>>> print(open('run-v3.cif').read())   # mmCIF, C-alpha atoms and all ligand atoms
data_final
#
loop_
_atom_site.group_PDB
_atom_site.id
_atom_site.type_symbol
_atom_site.label_atom_id
_atom_site.label_comp_id
_atom_site.auth_asym_id
_atom_site.auth_seq_id
_atom_site.Cartn_x
_atom_site.Cartn_y
_atom_site.Cartn_z
ATOM 1 C CA MET A 1 -1.346 -20.867 -33.206
ATOM 2 C CA ARG A 2 2.369 -20.424 -33.985
ATOM 3 C CA ASN A 3 4.335 -17.933 -31.868
ATOM 4 C CA TYR A 4 1.432 -17.609 -29.524
ATOM 5 C CA HIS A 5 1.569 -18.063 -25.818
ATOM 6 C CA LYS A 6 -0.585 -16.353 -23.285
ATOM 7 C CA ILE A 7 1.473 -15.098 -20.389
ATOM 8 C CA ASP A 8 0.704 -16.559 -17.019
ATOM 9 C CA MET A 9 1.567 -13.774 -14.587
ATOM 10 C CA ALA A 10 1.794 -16.115 -11.601
ATOM 11 C CA SER A 11 5.542 -16.755 -11.330
ATOM 12 C CA THR A 12 7.113 -15.862 -7.995
ATOM 13 C CA LYS A 13 9.709 -13.674 -9.754
ATOM 14 C CA TRP A 14 7.092 -11.652 -11.623
ATOM 15 C CA LEU A 15 4.829 -11.288 -8.592
ATOM 16 C CA THR A 16 7.738 -10.163 -6.410
ATOM 17 C CA THR A 17 8.917 -7.514 -8.914
ATOM 18 C CA HIS A 18 5.339 -6.400 -9.288
ATOM 19 C CA PHE A 19 4.838 -6.238 -5.545
ATOM 20 C CA LEU A 20 8.063 -4.360 -4.766
ATOM 21 C CA ALA A 21 7.528 -1.837 -7.586
ATOM 22 C CA LYS A 22 4.208 -0.931 -5.983
ATOM 23 C CA SER A 23 4.998 -1.484 -2.292
ATOM 24 C CA ALA A 24 4.619 2.162 -1.260
ATOM 25 C CA PHE A 25 1.051 2.151 -2.638
ATOM 26 C CA ARG A 26 0.270 -1.324 -1.428
ATOM 27 C CA ILE A 27 0.465 -0.829 2.312
ATOM 28 C CA ARG A 28 -1.811 2.226 2.167
ATOM 29 C CA SER A 29 -4.325 0.378 -0.016
ATOM 30 C CA LEU A 30 -4.456 -2.662 2.261
ATOM 31 C CA ALA A 31 -4.800 -0.499 5.353
ATOM 32 C CA SER A 32 -7.898 1.093 3.780
ATOM 33 C CA LEU A 33 -9.738 -2.271 3.782
ATOM 34 C CA PRO A 34 -12.160 -2.911 6.687
ATOM 35 C CA ILE A 35 -10.208 -5.899 8.057
ATOM 36 C CA GLN A 36 -10.689 -5.893 11.821
ATOM 37 C CA ASN A 37 -8.287 -6.652 14.637
ATOM 38 C CA GLY A 38 -8.841 -10.348 15.521
ATOM 39 C CA ALA A 39 -10.329 -11.315 12.127
ATOM 40 C CA LYS A 40 -9.825 -14.748 10.564
ATOM 41 C CA VAL A 41 -8.675 -14.090 7.005
ATOM 42 C CA LEU A 42 -8.348 -16.500 4.090
ATOM 43 C CA ASP A 43 -5.952 -15.434 1.305
ATOM 44 C CA LEU A 44 -7.355 -17.599 -1.473
ATOM 45 C CA CYS A 45 -4.931 -18.265 -4.356
ATOM 46 C CA CYS A 46 -2.214 -16.631 -2.219
ATOM 47 C CA GLY A 47 0.669 -17.551 -4.586
ATOM 48 C CA PRO A 48 3.989 -16.650 -2.883
ATOM 49 C CA GLY A 49 2.126 -15.049 0.034
ATOM 50 C CA LEU A 50 3.177 -11.469 -0.666
ATOM 51 C CA TYR A 51 0.095 -9.993 1.015
ATOM 52 C CA ILE A 52 0.117 -12.210 4.097
ATOM 53 C CA PRO A 53 2.600 -10.170 6.223
ATOM 54 C CA TYR A 54 0.390 -7.090 5.728
ATOM 55 C CA LEU A 55 -2.753 -9.066 6.528
ATOM 56 C CA LEU A 56 -1.083 -10.325 9.729
ATOM 57 C CA ASP A 57 -0.418 -6.707 10.730
ATOM 58 C CA LEU A 58 -4.062 -5.839 10.094
ATOM 59 C CA VAL A 59 -5.533 -8.726 12.122
ATOM 60 C CA GLY A 60 -2.953 -8.505 14.947
ATOM 61 C CA PRO A 61 -1.997 -11.379 17.260
ATOM 62 C CA ALA A 62 -5.643 -12.152 18.089
ATOM 63 C CA GLY A 63 -6.412 -12.849 14.421
ATOM 64 C CA HIS A 64 -5.286 -15.499 11.954
ATOM 65 C CA VAL A 65 -4.379 -15.689 8.261
ATOM 66 C CA THR A 66 -4.585 -18.827 6.111
ATOM 67 C CA GLY A 67 -3.012 -18.888 2.641
ATOM 68 C CA VAL A 68 -4.292 -21.441 0.132
ATOM 69 C CA ASP A 69 -2.912 -22.144 -3.336
ATOM 70 C CA ARG A 70 -2.724 -25.178 -5.587
ATOM 71 C CA ASP A 71 0.867 -24.457 -6.656
ATOM 72 C CA PRO A 72 3.533 -26.042 -4.379
ATOM 73 C CA VAL A 73 6.379 -23.887 -5.788
ATOM 74 C CA SER A 74 4.569 -20.662 -4.897
ATOM 75 C CA LEU A 75 3.718 -22.048 -1.466
ATOM 76 C CA ASP A 76 7.409 -22.847 -0.818
ATOM 77 C CA ALA A 77 8.225 -19.203 -1.516
ATOM 78 C CA ALA A 78 5.372 -18.160 0.790
ATOM 79 C CA HIS A 79 6.687 -20.446 3.513
ATOM 80 C CA GLN A 80 10.187 -18.925 3.296
ATOM 81 C CA ARG A 81 8.735 -15.423 3.437
ATOM 82 C CA LEU A 82 6.516 -16.104 6.456
ATOM 83 C CA SER A 83 8.758 -18.340 8.544
ATOM 84 C CA VAL A 84 11.201 -15.473 9.252
ATOM 85 C CA LEU A 85 8.411 -13.346 10.741
ATOM 86 C CA PRO A 86 7.822 -13.267 14.499
ATOM 87 C CA ASN A 87 4.116 -13.916 13.808
ATOM 88 C CA LYS A 88 2.981 -17.497 14.281
ATOM 89 C CA ASN A 89 -0.724 -16.983 13.604
ATOM 90 C CA TRP A 90 -0.635 -18.080 9.951
ATOM 91 C CA ARG A 91 -1.004 -21.330 8.053
ATOM 92 C CA LEU A 92 -0.436 -22.360 4.444
ATOM 93 C CA GLU A 93 -2.289 -25.148 2.686
ATOM 94 C CA GLN A 94 -1.778 -26.614 -0.733
ATOM 95 C CA SER A 95 -5.215 -27.121 -2.179
ATOM 96 C CA SER A 96 -7.311 -26.217 -5.157
ATOM 97 C CA PHE A 97 -10.166 -23.813 -4.530
ATOM 98 C CA GLU A 98 -12.580 -26.566 -5.441
ATOM 99 C CA ASP A 99 -11.265 -28.892 -2.700
ATOM 100 C CA PHE A 100 -10.943 -26.155 -0.088
ATOM 101 C CA VAL A 101 -14.273 -24.393 -0.548
ATOM 102 C CA PRO A 102 -16.360 -26.720 1.719
ATOM 103 C CA ARG A 103 -14.220 -25.461 4.654
ATOM 104 C CA ILE A 104 -14.570 -21.778 3.874
ATOM 105 C CA SER A 105 -17.346 -21.018 6.362
ATOM 106 C CA ASP A 106 -14.857 -20.415 9.230
ATOM 107 C CA TYR A 107 -13.514 -17.161 7.786
ATOM 108 C CA ASP A 108 -14.483 -13.539 8.433
ATOM 109 C CA VAL A 109 -12.732 -12.248 5.301
ATOM 110 C CA VAL A 110 -11.838 -14.009 2.037
ATOM 111 C CA ILE A 111 -9.226 -12.210 -0.098
ATOM 112 C CA ILE A 112 -8.883 -13.083 -3.806
ATOM 113 C CA PHE A 113 -6.181 -10.917 -5.355
ATOM 114 C CA ASN A 114 -5.078 -11.162 -8.995
ATOM 115 C CA SER A 115 -6.596 -14.624 -9.271
ATOM 116 C CA ILE A 116 -10.327 -14.463 -10.005
ATOM 117 C CA GLY A 117 -9.562 -14.326 -13.746
ATOM 118 C CA TYR A 118 -8.152 -17.872 -13.481
ATOM 119 C CA PHE A 119 -11.624 -19.323 -13.001
ATOM 120 C CA SER A 120 -13.747 -20.154 -16.003
ATOM 121 C CA ASN A 121 -16.823 -18.791 -14.198
ATOM 122 C CA PRO A 122 -15.772 -16.169 -11.599
ATOM 123 C CA TYR A 123 -19.415 -15.315 -10.825
ATOM 124 C CA ALA A 124 -20.114 -18.929 -9.833
ATOM 125 C CA VAL A 125 -16.987 -18.891 -7.608
ATOM 126 C CA VAL A 126 -18.211 -15.747 -5.825
ATOM 127 C CA GLU A 127 -21.695 -17.232 -5.379
ATOM 128 C CA ASP A 128 -20.267 -20.513 -4.076
ATOM 129 C CA ILE A 129 -18.126 -18.708 -1.471
ATOM 130 C CA ALA A 130 -20.914 -16.317 -0.442
ATOM 131 C CA GLN A 131 -23.384 -19.161 0.136
ATOM 132 C CA ARG A 132 -20.981 -20.794 2.591
ATOM 133 C CA LEU A 133 -19.879 -17.738 4.614
ATOM 134 C CA THR A 134 -21.731 -16.569 7.689
ATOM 135 C CA SER A 135 -23.688 -13.322 7.803
ATOM 136 C CA GLY A 136 -21.392 -10.277 8.048
ATOM 137 C CA ALA A 137 -18.386 -12.007 6.480
ATOM 138 C CA MET A 138 -16.689 -10.249 3.582
ATOM 139 C CA ILE A 139 -15.125 -11.176 0.242
ATOM 140 C CA VAL A 140 -12.520 -8.762 -1.177
ATOM 141 C CA ILE A 141 -11.567 -9.236 -4.813
ATOM 142 C CA LYS A 142 -8.957 -7.275 -6.753
ATOM 143 C CA ASP A 143 -7.817 -7.704 -10.312
ATOM 144 C CA PHE A 144 -6.069 -5.750 -13.053
ATOM 145 C CA ASP A 145 -6.924 -5.149 -16.678
ATOM 146 C CA LEU A 146 -4.045 -4.910 -19.133
ATOM 147 C CA GLU A 147 -5.982 -2.428 -21.261
ATOM 148 C CA SER A 148 -6.505 0.111 -18.530
ATOM 149 C CA PHE A 149 -3.007 1.190 -17.745
ATOM 150 C CA PHE A 150 -2.182 4.562 -19.230
ATOM 151 C CA PHE A 151 1.237 5.806 -20.206
ATOM 152 C CA GLN A 152 2.598 8.673 -22.201
ATOM 153 C CA PRO A 153 4.203 9.673 -24.462
ATOM 154 C CA ARG A 154 2.947 7.003 -26.853
ATOM 155 C CA ASP A 155 1.591 6.737 -30.390
ATOM 156 C CA CYS A 156 -2.169 6.103 -30.075
ATOM 157 C CA THR A 157 -2.473 4.148 -33.339
ATOM 158 C CA MET A 158 0.337 1.786 -32.336
ATOM 159 C CA TRP A 159 -1.259 1.352 -28.914
ATOM 160 C CA ALA A 160 -4.642 0.531 -30.482
ATOM 161 C CA ASP A 161 -2.977 -2.057 -32.766
ATOM 162 C CA LEU A 162 -1.254 -3.720 -29.801
ATOM 163 C CA ILE A 163 -4.218 -3.743 -27.458
ATOM 164 C CA ASN A 164 -6.678 -4.938 -30.110
ATOM 165 C CA SER A 165 -4.403 -7.840 -31.059
ATOM 166 C CA ALA A 166 -3.807 -8.839 -27.420
ATOM 167 C CA LYS A 167 -7.529 -8.712 -26.608
ATOM 168 C CA LYS A 168 -8.424 -10.740 -29.671
ATOM 169 C CA MET A 169 -5.995 -13.464 -28.597
ATOM 170 C CA ASN A 170 -7.204 -13.274 -24.989
ATOM 171 C CA ASP A 171 -10.736 -14.008 -26.181
ATOM 172 C CA ASP A 172 -10.013 -16.454 -29.021
ATOM 173 C CA GLU A 173 -7.103 -18.529 -27.693
ATOM 174 C CA ASN A 174 -6.719 -19.155 -24.019
ATOM 175 C CA PRO A 175 -4.390 -22.071 -23.282
ATOM 176 C CA VAL A 176 -3.797 -21.117 -19.621
ATOM 177 C CA CYS A 177 -7.436 -20.203 -19.022
ATOM 178 C CA TYR A 178 -6.497 -16.849 -17.575
ATOM 179 C CA ASP A 179 -8.213 -13.584 -18.453
ATOM 180 C CA ASN A 180 -5.711 -10.710 -18.453
ATOM 181 C CA PHE A 181 -8.584 -8.277 -18.985
ATOM 182 C CA PHE A 182 -10.840 -9.407 -16.146
ATOM 183 C CA GLY A 183 -10.445 -6.163 -14.162
ATOM 184 C CA ARG A 184 -13.261 -4.482 -16.103
ATOM 185 C CA LYS A 185 -15.697 -7.089 -14.748
ATOM 186 C CA VAL A 186 -14.684 -6.953 -11.052
ATOM 187 C CA HIS A 187 -17.209 -4.223 -10.274
ATOM 188 C CA SER A 188 -20.067 -6.396 -11.509
ATOM 189 C CA LEU A 189 -19.214 -9.415 -9.317
ATOM 190 C CA HIS A 190 -21.700 -8.270 -6.655
ATOM 191 C CA ARG A 191 -24.463 -9.429 -9.019
ATOM 192 C CA ALA A 192 -23.467 -13.043 -8.336
ATOM 193 C CA TYR A 193 -25.269 -13.081 -4.969
ATOM 194 C CA PRO A 194 -27.711 -10.891 -2.981
ATOM 195 C CA PHE A 195 -24.943 -9.280 -0.902
ATOM 196 C CA LYS A 196 -25.959 -7.017 1.994
ATOM 197 C CA THR A 197 -23.534 -4.364 0.755
ATOM 198 C CA HIS A 198 -20.914 -3.956 -1.911
ATOM 199 C CA VAL A 199 -18.251 -1.280 -2.243
ATOM 200 C CA ASN A 200 -16.488 -0.845 -5.563
ATOM 201 C CA GLU A 201 -13.278 1.137 -5.791
ATOM 202 C CA THR A 202 -10.089 1.506 -7.795
ATOM 203 C CA TRP A 203 -6.522 1.511 -6.573
ATOM 204 C CA THR A 204 -4.306 3.674 -8.750
ATOM 205 C CA GLN A 205 -0.538 3.614 -8.955
ATOM 206 C CA TYR A 206 1.343 6.446 -10.588
ATOM 207 C CA MET A 207 4.966 6.126 -11.704
ATOM 208 C CA HIS A 208 6.935 8.875 -13.410
ATOM 209 C CA PHE A 209 10.414 9.958 -14.497
ATOM 210 C CA PRO A 210 12.944 9.224 -13.024
ATOM 211 C CA PHE A 211 11.885 5.557 -12.852
ATOM 212 C CA ASN A 212 13.729 3.212 -10.488
ATOM 213 C CA GLU A 213 14.859 -0.206 -11.751
ATOM 214 C CA LEU A 214 11.871 -2.093 -10.348
ATOM 215 C CA GLU A 215 9.431 0.372 -11.888
ATOM 216 C CA GLN A 216 11.193 0.049 -15.249
ATOM 217 C CA GLU A 217 11.049 -3.723 -15.104
ATOM 218 C CA TYR A 218 7.415 -3.658 -14.004
ATOM 219 C CA ILE A 219 6.315 -1.340 -16.820
ATOM 220 C CA TRP A 220 8.337 -3.177 -19.479
ATOM 221 C CA ARG A 221 7.008 -6.592 -18.347
ATOM 222 C CA ASN A 222 3.430 -5.369 -18.738
ATOM 223 C CA ILE A 223 4.157 -4.229 -22.302
ATOM 224 C CA GLU A 224 6.061 -7.454 -22.998
ATOM 225 C CA CYS A 225 3.087 -9.429 -21.728
ATOM 226 C CA LEU A 226 0.792 -7.645 -24.176
ATOM 227 C CA LEU A 227 3.286 -8.224 -27.023
ATOM 228 C CA ASN A 228 3.578 -11.933 -26.189
ATOM 229 C CA GLN A 229 -0.142 -12.296 -25.894
ATOM 230 C CA ALA A 230 -0.762 -10.445 -29.175
ATOM 231 C CA GLY A 231 1.850 -12.714 -30.840
ATOM 232 C CA SER A 232 1.700 -12.921 -34.601
ATOM 233 C CA SER A 233 -1.626 -11.080 -34.766
ATOM 234 C CA CYS A 234 0.145 -7.817 -33.784
ATOM 235 C CA PRO A 235 1.226 -5.687 -36.785
ATOM 236 C CA SER A 236 5.039 -5.730 -36.930
ATOM 237 C CA SER A 237 5.140 -1.897 -36.991
ATOM 238 C CA ALA A 238 3.521 -1.826 -33.518
ATOM 239 C CA GLU A 239 5.777 -4.595 -32.209
ATOM 240 C CA ILE A 240 8.927 -2.761 -33.382
ATOM 241 C CA TYR A 241 7.614 0.553 -32.026
ATOM 242 C CA PHE A 242 7.014 -0.777 -28.489
ATOM 243 C CA LYS A 243 10.227 -2.788 -28.348
ATOM 244 C CA LYS A 244 12.199 0.338 -29.288
ATOM 245 C CA LEU A 245 10.310 2.447 -26.780
ATOM 246 C CA PHE A 246 10.694 0.107 -23.801
ATOM 247 C CA TYR A 247 13.225 -2.607 -24.464
ATOM 248 C CA PRO A 248 15.792 -2.403 -21.638
ATOM 249 C CA SER A 249 18.809 -2.093 -23.990
ATOM 250 C CA GLU A 250 17.493 1.181 -25.493
ATOM 251 C CA PRO A 251 14.829 2.466 -23.129
ATOM 252 C CA LYS A 252 13.643 5.658 -24.858
ATOM 253 C CA PHE A 253 10.566 5.829 -22.627
ATOM 254 C CA PHE A 254 12.518 5.621 -19.376
ATOM 255 C CA SER A 255 15.019 8.328 -20.347
ATOM 256 C CA ASN A 256 12.321 10.838 -21.333
ATOM 257 C CA PRO A 257 11.635 13.368 -18.526
ATOM 258 C CA ASP A 258 7.978 13.654 -19.703
ATOM 259 C CA SER A 259 7.233 9.945 -19.261
ATOM 260 C CA MET A 260 4.573 8.726 -16.860
ATOM 261 C CA PHE A 261 2.662 5.493 -16.228
ATOM 262 C CA VAL A 262 -0.648 4.986 -14.406
ATOM 263 C CA GLU A 263 -2.081 1.599 -13.458
ATOM 264 C CA VAL A 264 -5.626 1.033 -12.275
ATOM 265 C CA GLU A 265 -6.642 -2.001 -10.241
ATOM 266 C CA TYR A 266 -10.299 -2.835 -9.649
ATOM 267 C CA VAL A 267 -11.427 -3.787 -6.144
ATOM 268 C CA THR A 268 -14.768 -4.938 -4.802
ATOM 269 C CA GLN A 269 -15.720 -5.503 -1.140
ATOM 270 C CA LEU A 270 -18.766 -7.771 -0.844
ATOM 271 C CA THR A 271 -20.519 -8.264 2.522
ATOM 272 C CA VAL A 272 -22.647 -11.376 2.972
HETATM 273 C C1 LIG A 301 -1.365 -14.311 -10.415
HETATM 274 S S1 LIG A 301 -1.197 -15.391 -9.040
HETATM 275 C C2 LIG A 301 -1.689 -14.310 -7.719
HETATM 276 C C3 LIG A 301 -1.084 -14.677 -6.411
HETATM 277 C C4 LIG A 301 -1.384 -13.723 -5.256
HETATM 278 N N1 LIG A 301 -2.795 -13.670 -4.948
HETATM 279 C C5 LIG A 301 -0.863 -12.339 -5.573
HETATM 280 O O1 LIG A 301 -1.656 -11.436 -5.944
HETATM 281 O O2 LIG A 301 0.360 -12.115 -5.449
HETATM 282 C C6 LIG A 301 -2.584 -16.489 -9.193
HETATM 283 C C7 LIG A 301 -2.522 -17.692 -8.256
HETATM 284 O O3 LIG A 301 -3.767 -18.368 -8.314
HETATM 285 C C8 LIG A 301 -3.523 -19.749 -8.117
HETATM 286 N N2 LIG A 301 -4.717 -20.492 -8.580
HETATM 287 C C9 LIG A 301 -5.334 -20.357 -9.768
HETATM 288 N N3 LIG A 301 -6.412 -21.173 -9.833
HETATM 289 C C10 LIG A 301 -6.472 -21.825 -8.643
HETATM 290 C C11 LIG A 301 -7.368 -22.807 -8.093
HETATM 291 N N4 LIG A 301 -8.415 -23.279 -8.805
HETATM 292 N N5 LIG A 301 -7.134 -23.253 -6.857
HETATM 293 C C12 LIG A 301 -6.082 -22.801 -6.125
HETATM 294 N N6 LIG A 301 -5.191 -21.881 -6.599
HETATM 295 C C13 LIG A 301 -5.385 -21.398 -7.839
HETATM 296 C C14 LIG A 301 -2.261 -19.993 -8.919
HETATM 297 O O4 LIG A 301 -1.593 -21.183 -8.521
HETATM 298 C C15 LIG A 301 -1.465 -18.719 -8.624
HETATM 299 O O5 LIG A 301 -0.576 -18.881 -7.533
#
>>> encode(input="run-v3.cif", output="C-alpha cells")
Amino acid sequence: MRNYHKIDMASTKWLTTHFLAKSAFRIRSLASLPIQNGAKVLDLCCGPGLYIPYLLDLVGPAGHVTGVDRDPVSLDAAHQRLSVLPNKNWRLEQSSFEDFVPRISDYDVVIIFNSIGYFSNPYAVVEDIAQRLTSGAMIVIKDFDLESFFFQPRDCTMWADLINSAKKMNDDENPVCYDNFFGRKVHSLHRAYPFKTHVNETWTQYMHFPFNELEQEYIWRNIECLLNQAGSSCPSSAEIYFKKLFYPSEPKFFSNPDSMFVEVEYVTQLTV
C-alpha cells in the first residue's frame, strides 16, 4: 500500500534513546527480577546489548551473560558497549533464534525483551524454549503495546482515529512481521507450556512536565511510529492534530505544564 511502512523499532539509535529516557525506571525494574547471583543468563534477541551491563551486575562475577541476535550491526554496538566494562563474563553470538535454540538448555534464565512480537508464533517459541530448559529455569518476557500508553491532554476522538488506523494496518499489512501491539498478549504466554509457576506484572513509566530532551524524543517517536504505521488510512485531521501537538518544531504538548505521559510494559516470568 502506498505511503505505508510499518516501523521496525530495532535500530540502535531508537533503542538507545528509548533506554536512556527510561533508565531511572529500568534499573529498579531489572533489580526486581529473581535473577540470582551466579546465574547463567541468555539475553535472546539482545540487539545492541543495552540490558547486558545490568544483567552482569545481577549475576555478579560468578555468573555469565550471553547475548544472541541475528543482526550484526546491533551486535557491533553491543560489543562496543560491553568491551569497555571491567566484566569479562559475557559473550555475544550472531545467530538466529532458530539456529541457537538447540543449545539453550545450558541457561538458568532466558530474557526476551521487546522481541517476542517479531516471531510469527510467539507461543510456539515459548514452548520450544521451555521444553529444552532444565527444571527450575526461568523465561522472562517483556513487551510493549503501542495502544496502552496514556497521555494527556489529548482529544479522545483524534486518538481513537489514530489508534484504530494503526491497529488496522498492524493486522492487515505486516511487511516486517513485527507486532507493535503484542504487549496485550504477554500475560497469556504461560499457556504455551505447563509451567510450574508464572508471575505476570506490569512495569510503568511516568513522565511529566517539564520533559527533558530524551523524554520528548521518546514520546514523539512513539506517536510518529503510530502515524507512520497508520499511513494513509489515518484521517488527515488526526494526522495534523498529532503533528501540531508533538512535532519538535512546535511542541505544544511539551510546553504545557499539565502534560503527562504513562507507558505500560507487560512482563511475564515463567518457571519451568
Ligand atoms: C526491538 S529489538 C530489541 C532488542 C533488545 N532486546 C532491547 O530490548 O533493547 C528486537 C531484536 O530482535 C532481533 N531478532 C528478531 N527476530 C530474531 C530471530 N529470529 N533471531 C535472532 N534475533 C532476532 C532483531 O535483530 C532485533 O535486534
>>> closest_residue(input="run-v3.cif", among="A:Met169, A:Val186, A:Ile163, A:Met207", to="Gly117 of chain A", atoms="all atoms listed in the file")
A:Val186
>>> atom_distance(input="run-v3.cif", atom1="atom CA of Thr12 of chain A", atom2="atom CA of Asn212 of chain A")
20.3 Å
>>> residues_near_ligand(input="run-v3.cif", ligand="ligand LIG 301 (chain A)", cutoff="6 Å", atoms="all atoms listed in the file", output="PyMOL selection string")
chain A and resi 9-10+15+45-47+50+69-71+95-97+113-115+118
>>> residues_around(input="run-v3.cif", residues="Ile35 of chain A", least_positions_apart="2", cutoff="10 Å", atoms="all atoms listed in the file", output="JSON, numbers by chain")
{"A": [30, 31, 32, 33, 37, 38, 39, 40, 41, 55, 58, 59, 108, 109, 138, 140]}
>>> closest_residue(input="run-v3.cif", among="A:Tyr54, A:Phe144, A:Phe242, A:Phe19", to="Asn87 of chain A", atoms="only C-alpha atoms")
A:Tyr54
>>> closest_residue(input="run-v3.cif", among="A:Gln94, A:Gln269, A:Ser237, A:Ser11", to="Ile141 of chain A", atoms="all atoms listed in the file")
A:Gln269
>>> closest_residue(input="run-v3.cif", among="A:Leu82, A:Ala24, A:Ala124, A:Ala130", to="Val272 of chain A", atoms="all atoms listed in the file")
A:Ala130
>>> decode(input="run-v3.cif", residues="segment 118-144 of chain A", atoms="C-alpha atoms", output="compact mmCIF listing (two decimals), in the first residue's frame")
# COMPACT_ATOMS: atom_id res chain seq x y z
CA TYR A 118 8.99 -10.50 15.92
CA PHE A 119 8.06 -14.17 15.82
CA SER A 120 5.12 -15.32 13.76
CA ASN A 121 4.12 -17.74 16.53
CA PRO A 122 5.40 -16.47 19.92
CA TYR A 123 3.58 -19.26 21.78
CA ALA A 124 5.48 -21.90 19.81
CA VAL A 125 8.77 -20.07 20.59
CA VAL A 126 7.98 -20.12 24.33
CA GLU A 127 7.04 -23.81 24.19
CA ASP A 128 10.19 -24.67 22.23
CA ILE A 129 12.43 -22.91 24.78
CA ALA A 130 10.58 -24.35 27.79
CA GLN A 131 10.89 -27.92 26.50
CA ARG A 132 14.67 -27.56 26.31
CA LEU A 133 15.37 -25.84 29.66
CA THR A 134 16.03 -27.78 32.83
CA SER A 135 13.61 -27.83 35.75
CA GLY A 136 13.71 -24.57 37.74
CA ALA A 137 15.00 -22.46 34.85
CA MET A 138 13.10 -19.28 34.03
CA ILE A 139 11.99 -17.38 30.93
CA VAL A 140 11.34 -13.63 31.35
CA ILE A 141 9.49 -11.90 28.53
CA LYS A 142 8.68 -8.20 28.28
CA ASP A 143 6.96 -6.32 25.51
CA PHE A 144 5.11 -3.06 24.93
